[in-house]
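So this one's run_1.cif, mmCIF, C-alpha atoms and all ligand atoms:
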data_protein
loop_
_atom_site.group_PDB
_atom_site.id
_atom_site.type_symbol
_atom_site.label_atom_id
_atom_site.label_comp_id
_atom_site.auth_asym_id
_atom_site.auth_seq_id
_atom_site.Cartn_x
_atom_site.Cartn_y
_atom_site.Cartn_z
ATOM 1 C CA MET A 1 39.884 69.216 110.251
ATOM 2 C CA LEU A 2 43.266 67.774 110.973
ATOM 3 C CA PHE A 3 46.433 69.843 111.214
ATOM 4 C CA ASP A 4 49.541 67.800 110.380
ATOM 5 C CA CYS A 5 49.451 64.025 110.522
ATOM 6 C CA GLY A 6 52.554 62.405 111.962
ATOM 7 C CA GLU A 7 53.215 58.710 112.325
ATOM 8 C CA GLY A 8 50.730 57.190 114.760
ATOM 9 C CA ALA A 9 48.115 59.926 114.350
ATOM 10 C CA GLN A 10 45.508 57.411 113.231
ATOM 11 C CA ARG A 11 46.142 55.141 116.204
ATOM 12 C CA GLN A 12 45.927 58.067 118.605
ATOM 13 C CA MET A 13 42.642 59.151 117.047
ATOM 14 C CA MET A 14 41.302 55.621 117.563
ATOM 15 C CA LYS A 15 42.381 55.677 121.210
ATOM 16 C CA ALA A 16 40.861 59.109 121.689
ATOM 17 C CA ARG A 17 37.686 57.911 119.939
ATOM 18 C CA SER A 18 37.722 61.192 118.104
ATOM 19 C CA GLY A 19 36.674 59.489 114.885
ATOM 20 C CA PHE A 20 38.408 60.305 111.652
ATOM 21 C CA MET A 21 35.825 59.540 108.978
ATOM 22 C CA ASP A 22 34.424 63.036 109.464
ATOM 23 C CA ILE A 23 37.713 64.704 108.596
ATOM 24 C CA SER A 24 37.138 66.601 105.380
ATOM 25 C CA ALA A 25 40.365 68.578 105.247
ATOM 26 C CA ILE A 26 43.962 67.948 106.289
ATOM 27 C CA PHE A 27 46.271 70.940 106.607
ATOM 28 C CA LEU A 28 49.964 70.135 106.375
ATOM 29 C CA THR A 29 52.608 72.640 107.430
ATOM 30 C CA HIS A 30 55.519 71.029 105.553
ATOM 31 C CA PHE A 31 56.673 67.684 104.257
ATOM 32 C CA HIS A 32 59.038 66.430 106.913
ATOM 33 C CA ALA A 33 58.106 62.870 107.858
ATOM 34 C CA ASP A 34 57.077 63.659 111.439
ATOM 35 C CA HIS A 35 54.261 65.807 110.034
ATOM 36 C CA THR A 36 53.060 63.684 107.129
ATOM 37 C CA LEU A 37 53.871 60.022 107.643
ATOM 38 C CA GLY A 38 50.431 59.323 109.068
ATOM 39 C CA VAL A 39 48.613 60.393 105.911
ATOM 40 C CA PRO A 40 48.942 57.223 103.750
ATOM 41 C CA GLY A 41 47.680 54.885 106.472
ATOM 42 C CA LEU A 42 44.855 57.213 107.362
ATOM 43 C CA LEU A 43 43.677 57.405 103.751
ATOM 44 C CA GLN A 44 43.829 53.624 103.451
ATOM 45 C CA THR A 45 41.742 53.108 106.595
ATOM 46 C CA MET A 46 39.196 55.671 105.448
ATOM 47 C CA SER A 47 38.888 53.748 102.213
ATOM 48 C CA PHE A 48 38.547 50.364 103.975
ATOM 49 C CA GLN A 49 35.780 51.841 106.074
ATOM 50 C CA GLY A 50 33.842 52.794 102.995
ATOM 51 C CA ARG A 51 34.502 56.474 102.703
ATOM 52 C CA THR A 52 33.165 58.037 99.515
ATOM 53 C CA GLU A 53 33.315 61.766 100.331
ATOM 54 C CA ALA A 54 36.190 63.757 98.918
ATOM 55 C CA LEU A 55 39.148 64.609 101.135
ATOM 56 C CA HIS A 56 41.022 67.869 100.686
ATOM 57 C CA ILE A 57 44.696 68.114 101.555
ATOM 58 C CA TYR A 58 46.143 71.613 101.923
ATOM 59 C CA GLY A 59 49.808 72.375 102.165
ATOM 60 C CA PRO A 60 52.745 74.415 100.900
ATOM 61 C CA GLU A 61 54.769 73.705 97.766
ATOM 62 C CA PHE A 62 54.956 69.937 96.990
ATOM 63 C CA VAL A 63 51.447 69.125 98.253
ATOM 64 C CA GLY A 64 50.505 68.238 94.674
ATOM 65 C CA GLU A 65 53.535 65.965 94.285
ATOM 66 C CA PHE A 66 52.873 64.418 97.709
ATOM 67 C CA CYS A 67 49.292 63.473 96.839
ATOM 68 C CA ALA A 68 50.281 62.327 93.344
ATOM 69 C CA LEU A 69 52.974 60.118 94.830
ATOM 70 C CA LEU A 70 50.528 58.491 97.255
ATOM 71 C CA ASN A 71 48.410 57.628 94.244
ATOM 72 C CA GLN A 72 51.307 56.340 92.155
ATOM 73 C CA ILE A 73 52.705 54.070 94.849
ATOM 74 C CA GLY A 74 49.506 52.107 95.207
ATOM 75 C CA TYR A 75 46.801 54.181 96.816
ATOM 76 C CA LEU A 76 44.911 54.487 93.560
ATOM 77 C CA SER A 77 42.345 52.038 94.883
ATOM 78 C CA LEU A 78 40.931 54.609 97.299
ATOM 79 C CA GLY A 79 37.174 54.718 97.155
ATOM 80 C CA PHE A 80 37.099 58.496 97.405
ATOM 81 C CA PRO A 81 38.779 61.386 95.642
ATOM 82 C CA VAL A 82 41.691 63.261 97.212
ATOM 83 C CA PHE A 83 42.259 66.842 96.144
ATOM 84 C CA ALA A 84 45.547 68.645 96.757
ATOM 85 C CA HIS A 85 45.519 72.407 97.288
ATOM 86 C CA GLN A 86 48.748 74.370 97.355
ATOM 87 C CA MET A 87 48.366 77.335 99.682
ATOM 88 C CA LYS A 88 50.314 80.501 99.066
ATOM 89 C CA HIS A 89 51.317 83.043 101.667
ATOM 90 C CA ASP A 90 48.235 84.976 102.837
ATOM 91 C CA GLU A 91 45.829 82.831 100.849
ATOM 92 C CA VAL A 92 42.423 82.268 102.472
ATOM 93 C CA VAL A 93 40.116 79.283 102.006
ATOM 94 C CA ARG A 94 36.477 79.766 102.911
ATOM 95 C CA PHE A 95 34.450 77.112 104.666
ATOM 96 C CA LYS A 96 30.951 77.237 106.074
ATOM 97 C CA GLY A 97 31.169 79.466 109.131
ATOM 98 C CA TYR A 98 34.932 79.919 109.179
ATOM 99 C CA SER A 99 38.005 80.441 107.060
ATOM 100 C CA VAL A 100 41.588 79.249 107.098
ATOM 101 C CA GLN A 101 44.425 81.528 106.094
ATOM 102 C CA ALA A 102 47.917 80.288 105.327
ATOM 103 C CA PHE A 103 50.998 82.315 106.145
ATOM 104 C CA ARG A 104 54.698 81.815 105.504
ATOM 105 C CA THR A 105 56.818 80.231 108.221
ATOM 106 C CA PHE A 106 60.595 79.773 108.253
ATOM 107 C CA HIS A 107 61.907 76.229 108.301
ATOM 108 C CA SER A 108 64.526 74.276 106.325
ATOM 109 C CA VAL A 109 61.937 73.319 103.676
ATOM 110 C CA PRO A 110 58.916 75.219 102.285
ATOM 111 C CA SER A 111 56.490 75.615 105.181
ATOM 112 C CA ILE A 112 53.337 77.460 106.207
ATOM 113 C CA GLY A 113 51.286 78.092 109.324
ATOM 114 C CA TYR A 114 47.511 78.386 109.518
ATOM 115 C CA ALA A 115 45.082 80.860 111.045
ATOM 116 C CA LEU A 116 41.632 79.391 111.608
ATOM 117 C CA LYS A 117 39.069 82.119 112.033
ATOM 118 C CA GLU A 118 35.382 81.800 112.769
ATOM 119 C CA ASP A 119 33.011 84.212 111.035
ATOM 120 C CA LEU A 120 31.257 86.891 113.069
ATOM 121 C CA LYS A 121 28.578 85.403 115.304
ATOM 122 C CA PRO A 122 25.117 86.956 115.542
ATOM 123 C CA GLY A 123 24.651 89.222 118.561
ATOM 124 C CA ARG A 124 22.850 88.026 121.663
ATOM 125 C CA PHE A 125 19.060 87.896 121.517
ATOM 126 C CA ASN A 126 17.333 90.002 124.174
ATOM 127 C CA LYS A 127 14.338 87.830 124.967
ATOM 128 C CA ALA A 128 12.936 90.109 127.668
ATOM 129 C CA ARG A 129 12.996 93.085 125.308
ATOM 130 C CA ALA A 130 11.301 91.074 122.545
ATOM 131 C CA LEU A 131 8.480 90.009 124.864
ATOM 132 C CA GLU A 132 8.161 93.586 126.066
ATOM 133 C CA LEU A 133 7.667 94.677 122.468
ATOM 134 C CA GLY A 134 4.871 92.125 122.173
ATOM 135 C CA VAL A 135 6.700 89.546 120.069
ATOM 136 C CA PRO A 136 5.352 86.081 120.932
ATOM 137 C CA GLU A 137 7.954 83.398 121.615
ATOM 138 C CA GLY A 138 8.398 81.146 118.570
ATOM 139 C CA PRO A 139 9.319 81.503 114.902
ATOM 140 C CA LEU A 140 9.336 85.311 115.020
ATOM 141 C CA PHE A 141 12.206 85.118 117.516
ATOM 142 C CA SER A 142 14.380 83.248 115.015
ATOM 143 C CA LYS A 143 13.438 85.663 112.241
ATOM 144 C CA LEU A 144 14.535 88.613 114.364
ATOM 145 C CA HIS A 145 17.734 86.821 115.361
ATOM 146 C CA ARG A 146 18.498 86.278 111.676
ATOM 147 C CA GLY A 147 18.255 90.020 111.104
ATOM 148 C CA GLU A 148 14.727 90.188 109.693
ATOM 149 C CA THR A 149 12.044 92.717 110.593
ATOM 150 C CA VAL A 150 8.702 91.330 111.772
ATOM 151 C CA MET A 151 5.181 92.736 112.165
ATOM 152 C CA VAL A 152 3.508 92.482 115.576
ATOM 153 C CA GLY A 153 0.046 93.919 116.190
ATOM 154 C CA GLY A 154 0.336 96.272 113.234
ATOM 155 C CA ARG A 155 3.760 97.599 114.180
ATOM 156 C CA GLN A 156 7.233 96.768 112.957
ATOM 157 C CA VAL A 157 9.874 95.297 115.229
ATOM 158 C CA THR A 158 13.364 95.424 113.787
ATOM 159 C CA SER A 159 16.180 93.049 114.529
ATOM 160 C CA ALA A 160 18.316 95.904 115.865
ATOM 161 C CA GLU A 161 15.786 96.476 118.661
ATOM 162 C CA VAL A 162 16.270 93.013 120.147
ATOM 163 C CA VAL A 163 19.632 91.697 118.900
ATOM 164 C CA GLY A 164 23.006 92.966 120.166
ATOM 165 C CA GLU A 165 26.129 93.717 118.145
ATOM 166 C CA PRO A 166 27.643 90.792 116.206
ATOM 167 C CA ARG A 167 30.282 89.017 118.265
ATOM 168 C CA PRO A 168 33.742 88.179 116.962
ATOM 169 C CA GLY A 169 34.343 84.492 116.219
ATOM 170 C CA ARG A 170 37.227 82.613 117.770
ATOM 171 C CA ASN A 171 40.581 82.237 116.114
ATOM 172 C CA ILE A 172 43.222 79.608 116.497
ATOM 173 C CA ILE A 173 46.723 79.826 115.088
ATOM 174 C CA TYR A 174 48.744 76.733 114.351
ATOM 175 C CA THR A 175 52.374 76.854 113.328
ATOM 176 C CA GLY A 176 54.461 73.790 112.537
ATOM 177 C CA ASP A 177 58.253 73.742 112.477
ATOM 178 C CA THR A 178 59.719 77.202 112.150
ATOM 179 C CA ILE A 179 61.882 79.787 113.814
ATOM 180 C CA ALA A 180 59.762 82.115 115.955
ATOM 181 C CA SER A 181 59.473 85.159 113.742
ATOM 182 C CA GLU A 182 58.066 88.653 114.192
ATOM 183 C CA ALA A 183 56.443 88.147 110.800
ATOM 184 C CA PHE A 184 53.782 86.083 112.619
ATOM 185 C CA LEU A 185 52.616 89.017 114.751
ATOM 186 C CA PRO A 186 49.832 90.242 112.418
ATOM 187 C CA TYR A 187 48.338 86.735 112.304
ATOM 188 C CA LEU A 188 48.714 86.173 116.040
ATOM 189 C CA GLN A 189 47.141 89.483 117.025
ATOM 190 C CA GLY A 190 44.527 88.812 119.723
ATOM 191 C CA ALA A 191 44.257 85.107 118.860
ATOM 192 C CA ASP A 192 42.315 82.949 121.302
ATOM 193 C CA VAL A 193 44.842 80.144 121.049
ATOM 194 C CA TRP A 194 48.258 79.741 119.470
ATOM 195 C CA ILE A 195 49.500 76.202 119.092
ATOM 196 C CA SER A 196 53.195 76.496 118.409
ATOM 197 C CA GLU A 197 56.153 74.243 118.040
ATOM 198 C CA SER A 198 58.631 74.689 120.863
ATOM 199 C CA THR A 199 61.422 72.271 120.163
ATOM 200 C CA TYR A 200 64.025 73.736 122.503
ATOM 201 C CA SER A 201 64.551 75.673 125.694
ATOM 202 C CA GLU A 202 66.437 78.933 125.826
ATOM 203 C CA ASP A 203 69.888 77.433 126.432
ATOM 204 C CA MET A 204 69.582 75.739 123.030
ATOM 205 C CA THR A 205 68.960 78.986 121.115
ATOM 206 C CA ASP A 206 71.926 78.346 118.806
ATOM 207 C CA LYS A 207 70.710 74.871 117.994
ATOM 208 C CA ALA A 208 67.214 76.248 117.318
ATOM 209 C CA ALA A 209 68.582 78.840 114.907
ATOM 210 C CA GLU A 210 70.734 76.256 113.153
ATOM 211 C CA THR A 211 67.882 73.753 112.676
ATOM 212 C CA LEU A 212 65.204 76.414 112.090
ATOM 213 C CA HIS A 213 63.120 75.564 115.116
ATOM 214 C CA SER A 214 61.708 77.652 117.974
ATOM 215 C CA THR A 215 62.594 78.055 121.613
ATOM 216 C CA ALA A 216 59.855 78.271 124.235
ATOM 217 C CA GLY A 217 61.063 81.716 125.307
ATOM 218 C CA ALA A 218 60.973 83.198 121.813
ATOM 219 C CA VAL A 219 57.484 81.839 121.181
ATOM 220 C CA ALA A 220 56.211 83.167 124.514
ATOM 221 C CA GLU A 221 57.672 86.589 123.741
ATOM 222 C CA LEU A 222 55.677 86.723 120.490
ATOM 223 C CA ALA A 223 52.521 85.501 122.242
ATOM 224 C CA PHE A 224 52.913 88.311 124.766
ATOM 225 C CA ARG A 225 53.508 90.975 122.121
ATOM 226 C CA ALA A 226 50.526 89.840 120.035
ATOM 227 C CA GLY A 227 48.134 89.689 122.998
ATOM 228 C CA VAL A 228 47.409 86.011 122.427
ATOM 229 C CA LYS A 229 45.023 84.621 125.047
ATOM 230 C CA GLN A 230 46.444 81.128 125.409
ATOM 231 C CA LEU A 231 49.656 79.494 124.223
ATOM 232 C CA ILE A 232 50.059 75.764 123.748
ATOM 233 C CA LEU A 233 53.544 74.415 123.183
ATOM 234 C CA THR A 234 54.042 71.219 121.241
ATOM 235 C CA HIS A 235 56.676 69.398 119.118
ATOM 236 C CA VAL A 236 59.101 69.388 122.042
ATOM 237 C CA SER A 237 62.494 67.755 121.659
ATOM 238 C CA SER A 238 62.798 64.239 123.102
ATOM 239 C CA ARG A 239 65.341 65.632 125.583
ATOM 240 C CA TYR A 240 62.328 67.017 127.500
ATOM 241 C CA SER A 241 60.217 63.887 127.191
ATOM 242 C CA THR A 242 60.281 63.184 130.922
ATOM 243 C CA ASP A 243 60.375 66.773 132.083
ATOM 244 C CA THR A 244 59.079 69.805 130.220
ATOM 245 C CA THR A 245 59.807 72.177 133.123
ATOM 246 C CA PRO A 246 62.675 73.983 131.334
ATOM 247 C CA LEU A 247 60.332 74.909 128.468
ATOM 248 C CA LEU A 248 57.552 76.080 130.772
ATOM 249 C CA GLU A 249 59.920 78.066 132.955
ATOM 250 C CA ASP A 250 61.367 79.859 129.917
ATOM 251 C CA ALA A 251 57.927 80.599 128.531
ATOM 252 C CA LYS A 252 56.418 81.803 131.813
ATOM 253 C CA LYS A 253 59.061 84.495 132.157
ATOM 254 C CA ARG A 254 57.281 86.235 129.264
ATOM 255 C CA PHE A 255 53.778 84.829 129.110
ATOM 256 C CA GLU A 256 51.661 83.378 131.889
ATOM 257 C CA ASN A 257 48.875 81.454 130.154
ATOM 258 C CA VAL A 258 50.925 78.664 128.625
ATOM 259 C CA VAL A 259 50.835 74.865 128.755
ATOM 260 C CA VAL A 260 52.803 72.083 127.118
ATOM 261 C CA ALA A 261 50.492 69.885 125.044
ATOM 262 C CA GLU A 262 49.970 66.274 126.052
ATOM 263 C CA ASP A 263 48.482 63.390 124.119
ATOM 264 C CA PHE A 264 44.670 63.441 124.204
ATOM 265 C CA MET A 265 44.573 66.915 125.684
ATOM 266 C CA GLU A 266 41.304 68.731 125.095
ATOM 267 C CA ILE A 267 40.799 72.421 125.561
ATOM 268 C CA GLU A 268 37.696 74.515 125.550
ATOM 269 C CA ILE A 269 37.799 77.851 123.792
ATOM 270 C CA PRO A 270 35.085 80.112 125.128
ATOM 271 C CA MET A 271 33.270 82.553 122.881
ATOM 272 C CA THR A 272 34.138 86.173 123.410
ATOM 273 C CA ASP A 273 31.210 88.241 124.602
HETATM 274 ZN ZN ZN A 301 60.344 69.953 110.083
HETATM 275 ZN ZN ZN A 302 58.828 68.407 112.944
#

Any chance you could give the structure as structure tokens?
Amino acid sequence: MLFDCGEGAQRQMMKARSGFMDISAIFLTHFHADHTLGVPGLLQTMSFQGRTEALHIYGPEFVGEFCALLNQIGYLSLGFPVFAHQMKHDEVVRFKGYSVQAFRTFHSVPSIGYALKEDLKPGRFNKARALELGVPEGPLFSKLHRGETVMVGGRQVTSAEVVGEPRPGRNIIYTGDTIASEAFLPYLQGADVWISESTYSEDMTDKAAETLHSTAGAVAELAFRAGVKQLILTHVSSRYSTDTTPLLEDAKKRFENVVVAEDFMEIEIPMTD
């Protein structure tokens, strides 16, 4: 999955050796060039490299026109189909093991953010208890873990006896360009990670309001109120390109667990117990 695809995204993916042939869905927040310019080149490279699997592009209003335009201006020769999906506010798309929900954001053009949510995970398997109940290690273990009841020595062993409560999956929120709005709170609630734009520092609040962007402080305030576990700031104005301290200082006044994203940054999101 790829969220937004600015100019140079393909090149960065090559450098990061993250591979891009496996991308099956691109989620665009809005159609400003810094979020979409990388798409045509990426599609072309995928085609050159022999891709045949369909690619799905999700986005707000104009995603259909955007994909149609790419076709009309000469990308018709792609060796794989591209499907555009316009996402409405609150709409959910199901995938295997997780879902992605779109929600309205507030920028100068139609825009949406995304909440990626893993499905419930099966509870932990209590191996010691299973052995105690006489279940031999092997296929019966997997059956029990899947929720089935098994027979051992003439007696039933149910899944509930050896498997704990289902565990919540992880959720990641990604918002593109937008003012930091309280309307995001229900989506942010308890999120493991929120990746947010943070174009300006606090002293530029007027500029942020005028251009419909966020300040680090306002984003951090929302993260705090929603009980987000980790906040990652990105899309910072070039005025902070050599020093992001003003953004971090603003944010840390409200929310401790915050970092400014860097190219090639990787983070690990632990499962909740
Ligand atoms: Zn924008
Ligand atoms: Zn932007």

Compile the contact shell of Arg170 in chain A as a ChimeraX atom specification: residues with an atom at most 10 Å away, counting all atoms listed in the file, same-chain residues fewer than 2 positions apart removed.
-> /A:98,116-121,167-168,172,190-193,269-272

Residues returned when the PyMOL selection byres (((chain A and resi 197) around 8) and not hetatm) runs on this file, as a ChimeraX atom specification | /A:175-178,195-196,198-199,213-214,233-236

Mind pulling up the distance from CA of Phe3 in chain A to CA of His35 in chain A?
-> 8.9 Å

Centre, x/y/z edge lengths, axis-aligned box for range 37-51 of chain A with 6 Å per side, as AutoDock Vina command-line options:
--center_x 43.9 --center_y 55.4 --center_z 105.6 --size_x 32.0 --size_y 22.0 --size_z 18.9

Choose the residue, out of A:Phe95, A:Phe27, A:Phe125, A:Tyr187, that has the smallest atom-to-atom separation from Gly164 in chain A; count all atoms listed in the file.
->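 Between A:Phe95, A:Phe27, A:Phe125, A:Tyr187, the residue approaching Gly164 in chain A most closely is A:Phe125.
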
For the file shown, what are the residues hit by the PyMOL selection byres (((chain A and resi 146) around 12) and not hetatm), laid out as a ChimeraX atom specification?
-> /A:121-125,139-145,147-150,158-160,162-164,166

Which of these, A:Asn257, A:Gln44, A:Thr211, A:Thr244, has the shortest distance to ligand ZN 301 (chain A) once you count all atoms listed in the file?
->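 Among the listed residues, the smallest separation from ligand ZN 301 (chain A) belongs to A:Thr211.
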
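When the PyMOL selection byres (((not hetatm)) within 7 of (chain A and resi 301)) is evaluated on the file shown here, the picked residues come out as A:His30, A:His32, A:His107, A:Asp177.
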
Atom-to-atom span, CA of Val92 in chain A and CA of Ser108 in chain A, Å = 23.8 Å

Taking only C-alpha atoms and all ligand atoms into account, which of A:Val258, A:Ile179, A:Ala54, A:Ala115 comes nearest ligand ZN 302 (chain A)?
->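 Closest candidate: A:Ile179.
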
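Remark: for Ser237 in chain A, the closest of the candidate residues A:Leu185, A:Ala251, A:Leu37, A:Met204 is A:Met204 (distances computed over all atoms listed in the file).
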
Have a look at A:Ala128, A:Ala261, A:Ala102, A:Leu212 and name the one nearest to ligand ZN 302 (chain A); count only C-alpha atoms and all ligand atoms.
-> A:Leu212

Just give me the residues with any atom within 12 Å of (54.2, 88.4, 129.3), file coordinates, counting only C-alpha atoms, written as JSON, numbers by chain.
-> {"A": [217, 218, 219, 220, 221, 222, 223, 224, 225, 226, 227, 228, 229, 230, 231, 250, 251, 252, 253, 254, 255, 256, 257, 258]}

Quick one: residues within 9 Å of Gln10 in chain A, only C-alpha atoms counted, chain neighbours fewer than 5 positions away excluded, as a PDB file with C-alpha atoms, in the coordinates of the input?
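In the end it all went to part_6.pdb:
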ATOM      1  CA  CYS A   5      49.451  64.025 110.522  1.00  0.00           C
ATOM      2  CA  LYS A  15      42.381  55.677 121.210  1.00  0.00           C
ATOM      3  CA  PHE A  20      38.408  60.305 111.652  1.00  0.00           C
ATOM      4  CA  GLY A  38      50.431  59.323 109.068  1.00  0.00           C
ATOM      5  CA  VAL A  39      48.613  60.393 105.911  1.00  0.00           C
ATOM      6  CA  GLY A  41      47.680  54.885 106.472  1.00  0.00           C
ATOM      7  CA  LEU A  42      44.855  57.213 107.362  1.00  0.00           C
ATOM      8  CA  THR A  45      41.742  53.108 106.595  1.00  0.00           C
TER       9      THR A  45
END

Pick out the closest residue to Ala68 in chain A from this set: A:Gly169, A:Ala84, A:Glu132, A:Leu55. Count all atoms listed in the file.
->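 Closest to Ala68 in chain A, using all atoms listed in the file: A:Ala84.
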
What residues have an atom no more than 9 Å from (44.2, 55.1, 96.6) in the file's own frame, counting all atoms listed in the file, and can you write them as a ChimeraX atom specification?
-> /A:40,43-44,47,70-82

Write out as a ChimeraX atom specification the residues lying within 9 Å of Ser24 in chain A, counting only C-alpha atoms and excluding same-chain residues fewer than 6 positions away.
-> /A:1-2,53-57

Å distance separating CA of Leu188 in chain A from CA of Val259 in chain A, one decimal place | 17.1 Å
